[in-house]
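The data block below is data_4.cif; it holds mmCIF, C-alpha atoms.
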```
data_target
#
loop_
_atom_site.label_atom_id
_atom_site.label_comp_id
_atom_site.auth_asym_id
_atom_site.auth_seq_id
_atom_site.Cartn_x
_atom_site.Cartn_y
_atom_site.Cartn_z
CA MET V 204 -12.13 -32.81 21.04
CA LYS V 205 -13.26 -31.61 17.58
CA GLN V 206 -16.74 -30.88 18.91
CA PHE V 207 -15.24 -28.87 21.78
CA LEU V 208 -13.07 -26.85 19.37
CA LEU V 209 -16.05 -26.08 17.11
CA SER V 210 -18.14 -24.97 20.10
CA PHE V 211 -15.29 -22.77 21.29
CA LEU V 212 -14.92 -21.10 17.89
CA LEU V 213 -18.65 -20.44 17.68
CA LEU V 214 -18.56 -18.79 21.09
CA CYS V 215 -15.71 -16.57 19.85
CA GLY V 216 -17.79 -15.43 16.89
CA LEU V 217 -16.04 -17.56 14.26
CA ALA V 218 -17.61 -20.39 12.27
CA ILE V 219 -15.23 -22.56 10.24
CA VAL V 220 -16.49 -24.18 7.04
CA PRO V 221 -14.07 -26.89 5.85
CA ALA V 222 -12.80 -27.08 2.29
CA ALA V 223 -11.00 -29.93 0.56
CA SER V 224 -7.56 -28.65 1.56
CA GLY V 225 -5.67 -25.47 2.31
CA GLN V 226 -7.67 -22.34 3.06
CA VAL V 227 -11.12 -22.72 4.57
CA ASP V 228 -14.04 -20.32 4.94
CA VAL V 229 -14.23 -18.67 8.34
CA ARG V 230 -17.51 -16.84 8.88
CA VAL V 231 -16.92 -13.98 11.26
CA ASN V 232 -20.00 -13.27 13.33
CA GLN V 233 -18.46 -10.57 15.50
CA ILE V 234 -20.01 -7.10 15.29
CA GLY V 235 -17.52 -4.33 14.41
CA PRO V 236 -15.68 -2.13 14.55
CA TYR V 237 -13.01 -4.32 16.23
CA ILE V 238 -12.75 -7.84 14.88
CA ASP V 239 -10.26 -10.65 15.54
CA LEU V 240 -9.74 -12.77 12.42
CA ALA V 241 -7.03 -14.97 13.92
CA ARG V 242 -4.97 -14.74 17.08
CA ASN V 243 -1.72 -16.58 17.87
CA VAL V 244 -2.08 -19.14 15.10
CA THR V 245 0.58 -20.59 12.80
CA TRP V 246 1.67 -19.33 9.38
CA ALA V 247 0.00 -22.29 7.68
CA ASN V 248 -3.14 -22.32 5.52
CA GLY V 249 -6.27 -23.98 6.88
CA PRO V 250 -7.60 -24.62 10.40
CA GLY V 251 -5.12 -23.50 13.02
CA GLY V 252 -3.34 -21.22 10.52
CA ILE V 253 -3.66 -17.62 9.43
CA GLY V 254 -4.27 -18.55 5.77
CA ASN V 255 -8.06 -18.69 5.40
CA ASN V 256 -11.04 -16.93 3.82
CA TYR V 257 -12.53 -14.60 6.44
CA ILE V 258 -16.12 -13.62 5.57
CA LEU V 259 -17.47 -10.49 7.25
CA THR V 260 -20.61 -8.36 7.11
CA PRO V 261 -19.73 -4.65 6.85
CA THR V 262 -21.45 -2.22 9.22
CA THR V 263 -22.27 0.12 6.31
CA PRO V 264 -22.53 -0.36 2.51
CA ASP V 265 -19.55 1.99 2.06
CA GLN V 266 -17.03 0.40 4.37
CA GLY V 267 -13.41 1.25 5.08
CA VAL V 268 -11.29 -1.60 6.42
CA CYS V 269 -7.95 -1.53 8.24
CA LEU V 270 -6.33 -4.97 8.17
CA TYR V 271 -3.42 -5.59 10.55
CA ILE V 272 -1.23 -8.67 10.24
CA ASN V 273 1.13 -9.41 13.12
CA ASN V 274 4.17 -11.65 12.69
CA GLY V 275 5.38 -12.67 16.12
CA SER V 276 7.91 -15.19 14.80
CA ALA V 277 11.67 -14.84 14.45
CA THR V 278 11.58 -15.11 10.64
CA THR V 279 10.23 -12.98 7.78
CA GLU V 280 6.93 -14.38 6.50
CA SER V 281 4.81 -13.53 3.47
CA ALA V 282 1.27 -13.91 2.22
CA SER V 283 -1.07 -12.71 -0.50
CA ILE V 284 -4.36 -11.00 0.32
CA VAL V 285 -7.51 -10.86 -1.77
CA PHE V 286 -10.32 -8.48 -0.85
CA ALA V 287 -13.53 -9.81 -2.47
CA ILE V 288 -16.95 -8.21 -2.26
CA THR V 289 -20.53 -9.05 -3.16
CA GLY V 290 -23.81 -7.16 -3.15
CA ASP V 291 -25.73 -10.36 -2.39
CA GLN V 292 -26.26 -10.64 1.36
CA ALA V 293 -27.28 -14.29 0.96
CA VAL V 294 -23.80 -15.29 -0.22
CA ASN V 295 -21.91 -16.77 2.74
CA SER V 296 -19.25 -18.99 1.17
CA TYR V 297 -16.06 -18.20 -0.75
CA ALA V 298 -14.18 -21.48 -1.20
CA GLY V 299 -15.51 -23.11 -4.37
CA ASN V 300 -17.78 -20.13 -4.93
CA THR V 301 -15.43 -17.36 -6.07
CA GLY V 302 -17.63 -16.68 -9.11
CA ALA V 303 -20.16 -15.06 -6.79
CA TRP V 304 -17.61 -12.47 -5.66
CA SER V 305 -15.89 -9.49 -7.29
CA VAL V 306 -12.22 -8.99 -6.51
CA ALA V 307 -11.50 -5.49 -5.25
CA SER V 308 -8.76 -3.46 -6.94
CA GLN V 309 -6.80 -3.30 -3.67
CA THR V 310 -5.87 -7.00 -3.85
CA ILE V 311 -2.26 -7.39 -2.72
CA SER V 312 0.27 -10.07 -3.60
CA ASP V 313 3.42 -11.07 -1.76
CA VAL V 314 3.00 -9.10 1.46
CA ARG V 315 6.23 -9.45 3.44
CA ILE V 316 6.08 -9.13 7.22
CA LEU V 317 9.43 -8.91 8.95
CA ALA V 318 10.12 -10.80 12.18
CA ASN V 319 8.31 -9.39 15.22
CA SER V 320 6.52 -6.68 13.27
CA VAL V 321 3.10 -5.58 12.03
CA VAL V 322 1.93 -4.39 8.62
CA ALA V 323 -1.34 -2.61 7.94
CA THR V 324 -3.41 -1.89 4.86
CA TYR V 325 -6.50 0.24 4.34
CA VAL V 326 -9.12 -0.42 1.66
CA LYS V 327 -12.35 1.42 0.96
CA LEU V 328 -15.09 -0.83 -0.38
CA THR V 329 -18.26 0.73 -1.80
CA GLY V 330 -21.64 -0.96 -2.16
CA THR V 331 -20.70 -4.06 -0.15
CA ALA V 332 -23.11 -6.53 1.48
CA ARG V 333 -20.44 -9.14 2.26
CA LEU V 334 -16.65 -8.91 2.40
CA THR V 335 -14.14 -11.75 2.19
CA ILE V 336 -10.52 -11.23 3.21
CA ALA V 337 -8.73 -14.23 1.72
CA ILE V 338 -5.24 -14.66 3.17
CA ASN V 339 -2.99 -17.18 1.42
CA SER V 340 0.11 -17.76 3.52
CA SER V 341 3.43 -18.98 2.14
CA GLY V 342 4.49 -20.15 5.61
CA SER V 343 4.00 -23.41 7.46
CA GLY V 344 2.53 -24.84 10.63
CA ALA V 345 6.02 -24.98 12.10
CA VAL V 346 6.19 -21.19 12.36
CA SER V 347 4.17 -19.14 14.84
CA PRO V 348 2.63 -16.98 16.16
CA ALA V 349 0.61 -15.06 13.57
CA SER V 350 -2.43 -12.85 14.14
CA ALA V 351 -4.81 -10.83 11.97
CA PHE V 352 -7.17 -8.09 13.13
CA VAL V 353 -9.65 -5.79 11.42
CA VAL V 354 -10.86 -2.33 12.38
CA LEU V 355 -13.87 -1.04 10.44
CA THR V 356 -13.40 2.68 9.84
CA ASN V 357 -14.05 5.28 7.17
CA SER V 358 -11.23 7.57 8.28
CA GLY V 359 -9.30 7.03 5.05
CA GLY V 360 -6.30 5.11 6.39
CA CYS V 361 -4.61 3.23 9.21
CA GLY V 362 -2.29 5.31 11.33
CA PHE V 363 -2.09 8.43 13.44
CA ALA V 364 -3.90 11.70 12.78
CA ALA V 365 -2.21 14.99 13.69
CA ASN V 366 -3.68 18.48 13.91
CA PRO V 367 -5.05 19.58 10.51
CA ALA V 368 -2.24 22.08 9.95
CA VAL V 369 0.42 19.39 10.47
CA LEU V 370 1.45 16.75 7.94
CA PRO V 371 -0.08 13.46 9.13
CA LEU V 372 2.18 10.68 10.31
CA ARG V 373 1.26 7.84 7.95
CA MET V 374 1.90 4.11 7.91
CA PHE V 375 1.93 3.78 4.11
CA ALA V 376 -1.00 1.44 4.56
CA GLY V 377 -1.92 1.39 0.90
CA THR V 378 1.10 -0.76 0.15
CA SER V 379 1.07 -3.03 3.14
CA PHE V 380 4.74 -3.74 3.22
CA GLN V 381 7.28 -3.36 6.01
CA LEU V 382 9.37 -0.31 5.10
CA THR V 383 12.76 0.97 6.19
CA GLN V 384 13.34 4.68 5.60
CA SER V 385 11.35 7.47 3.98
CA TYR V 386 12.90 10.06 1.65
CA VAL V 387 12.10 13.42 0.11
CA ALA V 388 13.52 14.95 -3.09
CA SER V 389 12.70 18.53 -4.14
CA ALA V 390 13.75 20.70 -7.07
CA CYS V 391 12.68 23.83 -8.95
CA VAL V 392 13.02 24.70 -12.64
CA THR V 393 12.56 28.17 -14.11
CA ASN V 394 10.87 28.54 -17.51
CA PRO V 395 10.70 24.81 -18.29
CA THR V 396 10.06 23.74 -21.86
CA ALA V 397 8.01 20.82 -23.16
CA GLY V 398 9.28 17.53 -21.75
CA ASN V 399 11.42 19.09 -19.03
CA VAL V 400 11.72 17.20 -15.75
CA ILE V 401 11.22 19.11 -12.51
CA VAL V 402 12.27 16.15 -10.35
CA SER V 403 12.55 12.45 -11.15
CA LEU V 404 13.49 9.18 -9.46
CA GLN V 405 15.71 6.55 -11.02
CA SER V 406 17.37 3.34 -9.91
CA THR V 407 21.06 2.54 -10.10
CA ALA V 408 22.75 -0.45 -11.69
CA SER V 409 22.35 -2.26 -8.35
CA GLY V 410 18.57 -2.05 -8.54
CA ILE V 411 16.26 -2.21 -5.49
CA PRO V 412 13.74 -4.78 -4.20
CA ALA V 413 10.94 -2.21 -3.98
CA PHE V 414 10.00 1.43 -3.52
CA TYR V 415 6.66 2.88 -2.43
CA LEU V 416 5.34 6.33 -3.25
CA ASP V 417 3.58 8.45 -0.66
CA ARG V 418 2.85 11.95 -1.98
CA VAL V 419 3.82 14.53 -4.59
CA ARG V 420 3.66 18.32 -4.15
CA ILE V 421 3.70 20.79 -7.04
CA SER V 422 3.73 24.60 -7.07
CA SER V 423 4.16 27.16 -9.86
CA THR V 424 4.41 30.92 -10.13
CA ALA V 425 2.45 30.74 -13.39
CA ALA V 426 -0.59 28.73 -14.42
CA GLY V 427 0.13 25.69 -16.56
CA ARG V 428 -0.02 21.95 -16.85
CA VAL V 429 2.39 19.91 -14.74
CA ASP V 430 2.11 16.12 -14.88
CA PHE V 431 3.11 13.24 -12.65
CA VAL V 432 4.37 10.51 -14.98
CA LYS V 433 5.91 7.06 -15.25
CA LEU V 434 9.17 6.96 -17.20
CA SER V 435 10.47 4.46 -19.71
CA SER V 436 14.05 5.78 -19.95
CA LEU V 437 16.72 7.44 -17.83
CA GLY V 438 17.48 10.38 -20.04
CA ALA V 439 21.08 11.53 -20.32
CA THR V 440 23.48 13.67 -18.24
CA PRO V 441 20.97 14.95 -15.67
CA THR V 442 21.63 17.15 -12.66
CA ALA V 443 21.64 15.44 -9.25
CA VAL V 444 19.15 16.38 -6.54
CA THR V 445 20.07 16.07 -2.86
CA ILE V 446 17.77 13.56 -1.14
CA PHE V 447 16.57 14.40 2.35
CA ASN V 448 16.04 11.60 4.87
CA PRO V 449 13.56 12.72 7.55
CA SER V 450 14.53 9.87 9.88
CA MET V 451 14.44 10.91 13.52
CA GLY V 452 17.50 8.78 14.14
CA ALA V 453 20.54 7.77 12.14
CA GLY V 454 19.26 7.75 8.59
CA VAL V 455 20.04 5.24 5.86
CA GLY V 456 20.99 6.60 2.45
CA ALA V 457 18.46 6.17 -0.34
CA ALA V 458 19.00 3.44 -2.92
CA LEU V 459 17.26 5.54 -5.57
CA LEU V 460 18.65 8.68 -7.20
CA ALA V 461 16.80 11.97 -7.76
CA LYS V 462 17.47 14.11 -10.86
CA THR V 463 16.42 17.45 -12.34
CA GLU V 464 17.19 19.79 -15.23
CA PRO V 465 19.32 20.39 -17.07
CA PHE V 466 19.27 16.99 -18.78
CA GLY V 467 21.32 16.46 -21.91
CA THR V 468 18.36 14.39 -23.12
CA ASP V 469 15.08 14.36 -21.20
CA PRO V 470 13.67 10.97 -20.10
CA THR V 471 10.87 9.40 -22.14
CA VAL V 472 7.40 9.36 -20.60
CA SER V 473 5.57 6.03 -20.86
CA THR V 474 2.40 6.90 -18.92
CA THR V 475 0.84 10.10 -17.62
CA VAL V 476 -0.44 9.08 -14.21
CA TYR V 477 -1.91 12.46 -13.21
CA ALA V 478 -2.35 15.43 -15.56
CA ASN V 479 -2.58 18.55 -13.41
CA ASN V 480 -3.63 22.06 -14.38
CA VAL V 481 -1.78 24.00 -11.69
CA GLY V 482 -2.84 27.55 -10.89
CA ALA V 483 -0.40 30.40 -10.29
CA ASN V 484 0.76 30.34 -6.66
CA ALA V 485 -1.78 27.61 -5.87
CA PRO V 486 0.18 24.53 -4.72
CA ILE V 487 -1.36 21.08 -5.11
CA GLU V 488 -0.65 17.77 -3.39
CA LEU V 489 -1.17 14.33 -4.91
CA ASP V 490 -1.81 11.36 -2.63
CA VAL V 491 -0.02 8.52 -4.42
CA ALA V 492 0.11 6.06 -1.50
CA GLY V 493 -0.48 2.59 -2.92
CA PHE V 494 1.66 3.15 -6.04
CA TYR V 495 4.77 0.98 -5.89
CA GLN V 496 7.24 -0.92 -8.03
CA ARG V 497 9.05 -4.10 -7.05
CA ASN V 498 11.99 -6.20 -8.19
CA ILE V 499 13.77 -3.37 -9.99
CA THR V 500 16.97 -4.60 -11.64
CA GLY V 501 19.44 -2.24 -13.27
CA ALA V 502 19.38 1.49 -13.94
CA LEU V 503 15.88 2.61 -14.89
CA GLY V 504 13.88 5.81 -15.07
CA LEU V 505 10.96 5.38 -12.65
CA VAL V 506 8.66 8.37 -12.05
CA ALA V 507 8.86 12.14 -12.49
CA VAL V 508 7.10 15.47 -12.36
CA GLU V 509 7.38 17.04 -15.81
CA THR V 510 5.94 19.80 -17.99
CA PRO V 511 4.32 18.66 -21.27
CA ALA V 512 4.39 22.25 -22.58
CA ASN V 513 6.35 25.44 -22.01
CA ILE V 514 5.63 27.43 -18.84
CA THR V 515 7.04 30.90 -18.19
CA GLY V 516 7.57 30.80 -14.46
CA THR V 517 9.21 28.76 -11.72
CA ILE V 518 7.85 25.27 -11.04
CA CYS V 519 8.83 23.39 -7.88
CA ALA V 520 8.07 19.75 -7.11
CA THR V 521 8.62 17.32 -4.25
CA ILE V 522 8.37 13.53 -4.31
CA GLN V 523 8.13 11.60 -1.03
CA TRP V 524 8.66 7.82 -0.97
CA SER V 525 9.93 4.87 1.07
CA GLU V 526 12.14 1.93 0.25
CA ASN V 527 12.24 -1.72 1.24
CA ARG V 528 15.73 -3.25 1.06
#
```

Here is the file; what I need is its structure written in the form of structure tokens.
Amino acid sequence: MKQFLLSFLLLCGLAIVPAASGQVDVRVNQIGPYIDLARNVTWANGPGGIGNNYILTPTTPDQGVCLYINNGSATTESASIVFAITGDQAVNSYAGNTGAWSVASQTISDVRILANSVVATYVKLTGTARLTIAINSSGSGAVSPASAFVVLTNSGGCGFAANPAVLPLRMFAGTSFQLTQSYVASACVTNPTAGNVIVSLQSTASGIPAFYLDRVRISSTAAGRVDFVKLSSLGATPTAVTIFNPSMGAGVGAALLAKTEPFGTDPTVSTTVYANNVGANAPIELDVAGFYQRNITGALGLVAVETPANITGTICATIQWSENR
């Protein structure tokens, strides 16, 4: 029976290399762009489960990868994913040989896949001779089915492309989490001074499991520097911003709050994520998909668009994000 199973897997383009326990190396011999890593397996690690080290050969040295994980079970499941690369085409094992691989920055921990749903993530890997997608499942062999598929593409994401003049419909692939609703908060400030907030996001005392950024838009009637920043405080007595929910059905209210000037005391900036020299009447857009924060407890200042110096003009900013609750 074991010999039959091995022969069957080889015919399917998969070669399993056993390890001592848990995840095993699965050498994927299929030629892209469409590759099955696992189909209708359990949520366990090891043979017969989704949790294994899938070793692929990219079609080009600069390879984009869309990874889809399908949870066909009736329960929420979770896993961690490591994308590891090597420039040595002779390397064909990962288990017990992780020192031969470099872990890509897009490594993801605690991916949660709701019942009967799919999550997707896109990574761009440059200068890659071999790629390992190591999935470590927190589930068990008693739960099924689970599937994982790869599409090799350099399109820049997983999702749907619209006409160039239309905002693309995106799957927030950079975060790889199942989301609920998306939200937009916009505000304008005239003649902001140093440290003024154009628009910011903050949590309430109830906190939130996670939020995921998508994009930030900034425009100004006068040239000047406008930054996208991470906050370390709430500030005091801000002005509320109305949050728009672009849901095409009955929307769910945002768990986060949006604020703008005037503040009694401006929030404190902990990190400048993007420093932007914005031209007069020359709007910019920042792609911040992949930035997220999880397990937020209590009222906290999160992110903001702010001016580090005075600008004589009107600055407008929009933050778009999604929440997982």

message: With distances taken over only C-alpha atoms, which residue among V:Asp469, V:Glu526, V:Glu464, V:Asp239 lies nearest Leu437 (chain V)?
response: V:Asp469

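Separating CA of Thr335 (chain V) from CA of Tyr495 (chain V) is a distance of 24.2 Å.
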
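Each of V:Ala277, V:Leu460, V:Ile284, V:Leu259 was compared to Arg333 (chain V) using all atoms listed in the file, and V:Leu259 turns out to be the nearest.
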
- prompt: Between V:Val402, V:Ala413, V:Val419, V:Ala443, which one has atoms that come closest to Thr510 (chain V), using only C-alpha atoms?
  reply: V:Val402

task: Please write as a PyMOL selection string the list of polymer residues whose atoms come within 12 Å of (26.1, 18.5, -12.8), counting only C-alpha atoms and keeping to the coordinates of the file.
output: chain V and resi 439-445+462-467

task: Just give me the gap between CA of Gln233 (chain V) and CA of Ala332 (chain V) in Å, one decimal is fine.
output: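 Value for the CA of Gln233 (chain V)-CA of Ala332 (chain V) distance: 15.3 Å.
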